[in-house]
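Here's the structure we're looking at; comments come further down.
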Amino acid sequence: MTVAVFFGCAFIAFGPAFALFVFTIAKDPLRVLILITGAFFWLLSLLLSSLVWFIAVKASNADDATLRRSLLIFGVFFSVLLQELFRFGYYRLLRKANEGLAAISEDESSAISVRQMAYVAGLGFGIMSGAFSMINILSDSLGPGTVGIFGDSQYYFITSALMTLALTLLHTFWGVVFFDGCEKSRWWVISLVVCLHLLVAGLSLLNPFYEGSLPPVYIITLMMGIWAFFSSGGSLHNLTALCTRRNAEIETSPVQPRSD
Amino acid sequence: MADSVENAVNNVSNDAAETNQHAETGGAGGPGRNEVELNGQPPTPRPPQVVNDSEEDEDEELTLKYGAKHVIMLFIPVTLCMVVVVATIKSVSFYTQKDGQQLIYTPFREDTETVGQRALNSMLNAIIMISVIVVMTLVLVVLYKYRCYKVIQGWLFFSNLLLLFFFSFIYLGEVFKTYNVALDYFTLALIIWNFGVVGMICIHWKGPLRLQQAYLIMISALMALVFIKYLPEWTAWLILAAISVYDLLAVLCPKGPLRILVETAQERNEPIFPALIYSSTMVWLFNMADTADTRNNSSHPVPQQDSQVGMAPTAQPDDDGGFTPTWIDQQQHQLGPIQSTEESRQEIQEMPSTRPPPADDDDEERGVKLGLGDFIFYSMLVGKASATASGDWNTTLACFVAILIGLCLTLLLLAIFKKALPALPISITFGLVFYFATDNLVRPFMDQLAVHQFYI
């Protein structure tokens, strides 16, 4: 519980998200708006799911620990479903707004593509989700205390930070894949994303058995990253081109893995 | 003299308009459109009145092009103000300590025995405060109607003086106490003197835009901190809710004081000078040169000074003056998009300007403006959330996002309706809803999840 832990966990949990924000989103006001609105939508979904959980807890009136735990698990899964529902709702909203914008503009095209919006929306969800999971823990880590004094795991902070990082990235990838699936009306993609989210939430139920939760979550993150890369138009060709052509030719069009 | 001033003014405004236009066209080339239709740029500000369809479309499209940029131009100062307030609340304990002192506008105490009594007291407090604000606004309207411009100017000047010197002195003192920094009075006097004088110059006269914006943000933050400290709990929440309702009524109702104010200004064909407006463009610099006025936030809780320092009570408004819708309306037609905000809190600055309306070049200014009163109440909400919520950072974050989204929606409505709109209601409503919901519903849920390390 020191400043070192604070900074370490903060950078682990938020470093990549912050870098993504600074390098890809901060310069464009439209993207910042989409990010914040995405965060708002995630917040709404959390609010509704907390409401449901709260009502369930009050209605059950339980002092029984296992009942509370089961209600919490129910809350977790319900929240996941609501988040995905709100992601879909946000997709619809963005599509409508995009169409409106494109209709008004001069050249019938909008300033931002659906793929960019998918990425930004996913990142918005991820940042908000990460912030809500991690910020209180970070502020506690600055103060005095002993981790795991009652027999809990000593690795609470670092595992929280790692889990938060994984979830932030996962939300970003899910956003890309989800929107792509909606665009192409591939419902199996959407249901797969929902299932994966449920799976990740379920894996987190294994905590504090971190060997059971963290490695699988990171494997899923990696796979989702690859899937998102390919679904947003990347290819191995682009990757190799990125590595080989960058030094040689500067005059050709910039080769980027994602076709933004 | 007036002519030469006008010439100087026009020259400055031309330059400003040109540089801004360059900046704008540069910016417009990029992905400047946003998904929400924003921007208050009316389609007909330009001199050429004959507008055919393509020109109209182009104008409308141009307005959309600048929409997202304007939203971000307001997000940044609002965020900065909130960050300053939250950082102060979290580190300097002075602003969360209840010393038992209250403003004279909220005489009823909240440390009563029964909940019912407390509710009653807080409602009475809120009613008194809001009535004071209404009265101040009416006084301002009357003063403006009867052309007592000097009184208004003096009022605003004095309140800014108080804010920049006295409140910042207290703030600095408390910060030093918190960090146990020793400072001699001579150095302190030098710092405060320079800070205050530069602030007065920047705000009331001429100064670099960024510096002026920084000062406006700082004084809004100071004001919000004062409110957080001196308003008791329930009273503060009730006042926030009531002021949003008042804002809505004052700006939109036909007989609302702000609307009357703006209409009067329009009849006289004078631009009402926004004393308490945060502007993101340089268009106001020339105005400042013109009348050395107050453009500043005026709400200071004077009564508080009574309790603290024993000064003679002056009629300091409690809130900042906001901006009148008529003015905004008029300015929109003359100058371009203007965010209407808050109306007056007593201090609206009515700038009694005898200049003719600004030159047409001003139309090209595409800045956006938000009243300082809005800054103050947004920051007050977020500051209170961080001070008193047991959910702590989650609640603060939720309120922050809610307020930004409310601001975004308000700007969207501004782009659609193209008339003066109150900036408080939507944001404060969202902020209040999210504060109470997050504190009572989300916090227990997230706490339980954190205890078990479940992730959703």
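Labeling convention for the structure tokens: chains A, B, ... as they appear, residues from 1 per chain, ligands from 1 in order of appearance.
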
Residue contacts of Ala214 in chain B (12 Å, only C-alpha atoms) excluding same-chain residues fewer than 2 positions away, as a list in words
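Close residues of Ala214 in chain B: Ile76, Pro77, Val78, Leu80, Cys81, Val84, Phe195, Val198, Gly199, Cys202, Ile203, Gly207, Pro208, Leu209, Arg210, Leu211, Gln212, Leu216, Ile217, Met218, Ile219, Ser220, Ala221, Tyr278, Ser279 and Ser280 of chain B.
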
Can I get the selected residues back with N, CA, C and O atoms, as a short mmCIF file (atom, residue, chain, number, x, y, z; two decimals), in the first residue's frame?
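Written file, selection_6.cif:
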data_model
loop_
_atom_site.label_atom_id
_atom_site.label_comp_id
_atom_site.auth_asym_id
_atom_site.auth_seq_id
_atom_site.Cartn_x
_atom_site.Cartn_y
_atom_site.Cartn_z
N ILE B 76 -13.89 21.23 -22.26
CA ILE B 76 -12.58 21.38 -21.63
C ILE B 76 -12.62 22.34 -20.45
O ILE B 76 -12.17 21.97 -19.35
N PRO B 77 -13.17 23.56 -20.58
CA PRO B 77 -13.20 24.41 -19.40
C PRO B 77 -14.07 23.87 -18.28
O PRO B 77 -13.71 24.00 -17.10
N VAL B 78 -15.21 23.26 -18.63
CA VAL B 78 -16.07 22.71 -17.59
C VAL B 78 -15.32 21.61 -16.85
O VAL B 78 -15.34 21.54 -15.61
N LEU B 80 -12.07 21.31 -16.57
CA LEU B 80 -11.00 21.90 -15.77
C LEU B 80 -11.53 22.47 -14.47
O LEU B 80 -10.94 22.27 -13.40
N CYS B 81 -12.66 23.16 -14.58
CA CYS B 81 -13.24 23.76 -13.36
C CYS B 81 -13.59 22.67 -12.37
O CYS B 81 -13.30 22.76 -11.17
N VAL B 84 -10.48 21.23 -10.75
CA VAL B 84 -9.93 22.10 -9.70
C VAL B 84 -10.76 21.96 -8.42
O VAL B 84 -10.21 21.82 -7.32
N PHE B 195 -1.79 38.46 -8.66
CA PHE B 195 -2.88 37.61 -9.14
C PHE B 195 -4.15 38.42 -9.35
O PHE B 195 -4.80 38.36 -10.39
N VAL B 198 -3.85 41.30 -12.18
CA VAL B 198 -3.86 40.74 -13.52
C VAL B 198 -5.23 40.18 -13.84
O VAL B 198 -5.74 40.30 -14.96
N GLY B 199 -5.86 39.58 -12.85
CA GLY B 199 -7.20 39.06 -13.07
C GLY B 199 -8.19 40.14 -13.42
O GLY B 199 -8.97 40.01 -14.37
N CYS B 202 -7.50 41.32 -16.95
CA CYS B 202 -7.86 40.36 -17.99
C CYS B 202 -9.35 40.26 -18.15
O CYS B 202 -9.85 40.09 -19.25
N ILE B 203 -10.04 40.32 -17.02
CA ILE B 203 -11.47 40.08 -17.10
C ILE B 203 -12.21 41.34 -17.51
O ILE B 203 -13.16 41.28 -18.28
N GLY B 207 -6.91 41.31 -22.38
CA GLY B 207 -5.90 40.36 -21.93
C GLY B 207 -5.85 39.20 -22.89
O GLY B 207 -6.74 39.03 -23.71
N PRO B 208 -4.84 38.38 -22.79
CA PRO B 208 -4.79 37.20 -23.65
C PRO B 208 -5.99 36.32 -23.37
O PRO B 208 -6.44 36.19 -22.23
N LEU B 209 -6.49 35.71 -24.42
CA LEU B 209 -7.72 34.94 -24.28
C LEU B 209 -7.57 33.82 -23.27
O LEU B 209 -8.43 33.62 -22.41
N ARG B 210 -6.47 33.09 -23.37
CA ARG B 210 -6.30 31.94 -22.49
C ARG B 210 -6.23 32.36 -21.04
O ARG B 210 -6.76 31.69 -20.15
N LEU B 211 -5.58 33.50 -20.82
CA LEU B 211 -5.47 33.98 -19.44
C LEU B 211 -6.83 34.37 -18.90
O LEU B 211 -7.20 34.06 -17.77
N GLN B 212 -7.60 35.02 -19.75
CA GLN B 212 -8.94 35.41 -19.33
C GLN B 212 -9.77 34.18 -19.02
O GLN B 212 -10.47 34.12 -18.00
N LEU B 216 -11.44 33.12 -15.45
CA LEU B 216 -12.87 32.85 -15.29
C LEU B 216 -13.09 31.48 -14.67
O LEU B 216 -13.94 31.30 -13.80
N ILE B 217 -12.29 30.51 -15.12
CA ILE B 217 -12.42 29.18 -14.54
C ILE B 217 -12.06 29.22 -13.06
O ILE B 217 -12.75 28.62 -12.22
N MET B 218 -11.00 29.93 -12.73
CA MET B 218 -10.58 29.97 -11.33
C MET B 218 -11.62 30.62 -10.45
O MET B 218 -11.89 30.13 -9.35
N ILE B 219 -12.21 31.72 -10.92
CA ILE B 219 -13.19 32.34 -10.03
C ILE B 219 -14.46 31.51 -9.94
O ILE B 219 -15.11 31.48 -8.89
N SER B 220 -14.80 30.80 -11.01
CA SER B 220 -15.97 29.92 -10.89
C SER B 220 -15.69 28.83 -9.88
O SER B 220 -16.56 28.48 -9.07
N ALA B 221 -14.47 28.30 -9.92
CA ALA B 221 -14.13 27.24 -8.97
C ALA B 221 -14.17 27.78 -7.54
O ALA B 221 -14.70 27.12 -6.63
N TYR B 278 -18.21 32.97 -20.12
CA TYR B 278 -16.96 32.37 -20.57
C TYR B 278 -17.06 32.26 -22.08
O TYR B 278 -18.00 31.68 -22.60
N SER B 279 -16.08 32.83 -22.73
CA SER B 279 -16.15 32.78 -24.18
C SER B 279 -14.95 32.03 -24.72
O SER B 279 -13.85 32.16 -24.20
N SER B 280 -15.18 31.27 -25.75
CA SER B 280 -14.06 30.50 -26.26
C SER B 280 -13.37 31.18 -27.41
O SER B 280 -12.44 30.65 -27.98
#

Who sits within 8 Å of Leu231 in chain B, only C-alpha atoms, same chain under 4 positions skipped, as number ranges by chain:
B: 102-103, 106, 227, 235-236

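CA of Phe86 in chain A is positioned 22.1 Å from CA of Met163 in chain A.
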
Please determine, counting only C-alpha atoms, which residue among B:Pro232, B:Gly367, B:Gly256, B:Gly406 has the shortest atom-to-atom distance to Lys98 in chain B.
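Among B:Pro232, B:Gly367, B:Gly256, B:Gly406, it is B:Pro232 that comes nearest to Lys98 in chain B.
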
Pull out every residue of chain A sitting within 6 Å of chain B, counting only C-alpha atoms, and send them as a list in words.
Pro29, Leu30, Ser50, Leu51, Val76, Val80, Ala97, Asn98, Ser105, Ala111, Phe132, Ala201, Ser204 and Leu205 of chain A

Residues of the last selection are to be written out with all heavy atoms, as a short mmCIF file (atom, residue, chain, number, x, y, z; two decimals), in the first residue's frame.
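The result, stored in out_38.cif:
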data_model
loop_
_atom_site.label_atom_id
_atom_site.label_comp_id
_atom_site.auth_asym_id
_atom_site.auth_seq_id
_atom_site.Cartn_x
_atom_site.Cartn_y
_atom_site.Cartn_z
N PRO A 29 -12.86 16.04 -32.13
CA PRO A 29 -13.94 16.31 -31.18
C PRO A 29 -15.09 15.33 -31.30
O PRO A 29 -15.71 14.95 -30.30
CB PRO A 29 -14.42 17.72 -31.55
CG PRO A 29 -13.50 18.25 -32.53
CD PRO A 29 -12.62 17.18 -33.03
N LEU A 30 -15.36 14.91 -32.53
CA LEU A 30 -16.47 13.99 -32.72
C LEU A 30 -16.22 12.68 -31.99
O LEU A 30 -17.10 12.11 -31.34
CB LEU A 30 -16.65 13.74 -34.22
CG LEU A 30 -17.89 12.99 -34.63
CD1 LEU A 30 -19.10 13.61 -34.02
CD2 LEU A 30 -17.99 12.96 -36.13
N SER A 50 -27.83 -2.29 -11.32
CA SER A 50 -27.72 -2.15 -9.86
C SER A 50 -29.08 -2.02 -9.24
O SER A 50 -29.32 -2.51 -8.13
CB SER A 50 -26.93 -0.91 -9.46
OG SER A 50 -25.85 -0.73 -10.25
N LEU A 51 -29.97 -1.33 -9.96
CA LEU A 51 -31.33 -1.18 -9.44
C LEU A 51 -31.98 -2.54 -9.27
O LEU A 51 -32.58 -2.85 -8.23
CB LEU A 51 -32.14 -0.30 -10.40
CG LEU A 51 -33.59 -0.06 -10.04
CD1 LEU A 51 -33.70 0.72 -8.75
CD2 LEU A 51 -34.29 0.71 -11.15
N VAL A 76 -24.37 -10.03 -11.50
CA VAL A 76 -23.27 -9.95 -12.46
C VAL A 76 -23.75 -10.32 -13.87
O VAL A 76 -23.52 -9.59 -14.83
CB VAL A 76 -22.11 -10.86 -12.03
CG1 VAL A 76 -21.14 -11.09 -13.15
CG2 VAL A 76 -21.39 -10.27 -10.84
N VAL A 80 -24.18 -8.02 -17.26
CA VAL A 80 -23.52 -8.28 -18.55
C VAL A 80 -24.53 -8.21 -19.68
O VAL A 80 -24.29 -7.59 -20.72
CB VAL A 80 -22.84 -9.66 -18.51
CG1 VAL A 80 -22.43 -10.09 -19.90
CG2 VAL A 80 -21.63 -9.62 -17.61
N ALA A 97 -27.71 8.63 -36.12
CA ALA A 97 -27.06 9.94 -36.15
C ALA A 97 -26.14 10.06 -37.35
O ALA A 97 -26.06 11.10 -37.99
CB ALA A 97 -26.27 10.14 -34.86
N ASN A 98 -25.45 8.98 -37.63
CA ASN A 98 -24.55 8.98 -38.77
C ASN A 98 -25.29 9.19 -40.07
O ASN A 98 -24.86 9.93 -40.95
CB ASN A 98 -23.79 7.65 -38.80
CG ASN A 98 -22.43 7.81 -39.39
OD1 ASN A 98 -21.90 8.91 -39.41
ND2 ASN A 98 -21.87 6.74 -39.89
N SER A 105 -24.74 16.36 -45.16
CA SER A 105 -23.43 16.85 -45.61
C SER A 105 -23.39 16.99 -47.11
O SER A 105 -24.25 16.50 -47.83
CB SER A 105 -22.34 15.91 -45.15
OG SER A 105 -22.37 14.78 -45.97
N ALA A 111 -18.47 12.14 -41.60
CA ALA A 111 -17.07 12.38 -41.25
C ALA A 111 -16.43 11.19 -40.58
O ALA A 111 -15.23 11.11 -40.46
CB ALA A 111 -16.99 13.58 -40.32
N PHE A 132 -14.80 2.49 -13.20
CA PHE A 132 -15.68 2.14 -12.10
C PHE A 132 -15.13 0.97 -11.29
O PHE A 132 -15.35 0.88 -10.09
CB PHE A 132 -17.08 1.83 -12.61
CG PHE A 132 -18.02 2.98 -12.42
CD1 PHE A 132 -17.83 4.16 -13.10
CD2 PHE A 132 -19.07 2.89 -11.53
CE1 PHE A 132 -18.68 5.23 -12.91
CE2 PHE A 132 -19.93 3.95 -11.33
CZ PHE A 132 -19.74 5.12 -12.02
N ALA A 201 -17.08 -12.79 -17.40
CA ALA A 201 -17.64 -12.48 -16.08
C ALA A 201 -17.66 -13.72 -15.21
O ALA A 201 -17.36 -13.68 -14.02
CB ALA A 201 -19.04 -11.90 -16.24
N SER A 204 -14.33 -14.48 -13.83
CA SER A 204 -13.95 -13.63 -12.70
C SER A 204 -14.58 -14.11 -11.42
O SER A 204 -14.13 -13.76 -10.33
CB SER A 204 -14.35 -12.18 -12.96
OG SER A 204 -15.73 -12.01 -12.76
N LEU A 205 -15.62 -14.94 -11.55
CA LEU A 205 -16.22 -15.50 -10.33
C LEU A 205 -15.28 -16.45 -9.63
O LEU A 205 -15.48 -16.79 -8.47
CB LEU A 205 -17.53 -16.23 -10.66
CG LEU A 205 -18.67 -15.38 -11.21
CD1 LEU A 205 -19.86 -16.25 -11.55
CD2 LEU A 205 -19.10 -14.35 -10.19
#

Residue with smallest distance to Val262 in chain B - pool B:Ala250, B:Trp234, B:Phe417, B:Asn180, counting only C-alpha atoms
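Among the listed residues, B:Ala250 lies closest to Val262 in chain B.
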
Selection near Gly38 in chain A, 10 Å with only C-alpha atoms, sequence-local residues under 3 positions removed, as a PyMOL selection string:
chain A and resi 32-35+41-44+86-87+90-91+94+117-118+120-128

Of the candidates B:Ser122, B:Ser131, B:Ser168, B:Thr112, which shows the shortest atom-to-atom distance to Asn194 in chain B, using only C-alpha atoms?
B:Ser168

Excluding Ser49 in chain A and any residue of its chain fewer than 3 positions from it, enumerate the residues within 8 Å of it, using only C-alpha atoms, and give them as a list in words.
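Contacts, in chain order: Ser45, Leu46, Val52, Trp53, Gly75, Phe78, Ser79 and Leu82 of chain A.
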
Near Leu381 in chain B, within 8 Å and counting only C-alpha atoms, which residues show up once chain neighbours fewer than 5 positions away are dropped, as a VMD selection string?
chain B and resid 240 399 428 431 to 432

In Å and to one decimal, CA of Ile192 in chain B is distant from CA of Tyr171 in chain B by 10.7 Å

Using DSSP on the backbone coordinates, identify all residues within range 62-208 of chain B classified as helix (DSSP H, G or I); present the result as an MDAnalysis selection string.
chainID B and resid 62:91 93:95 115:145 149:179 185:204
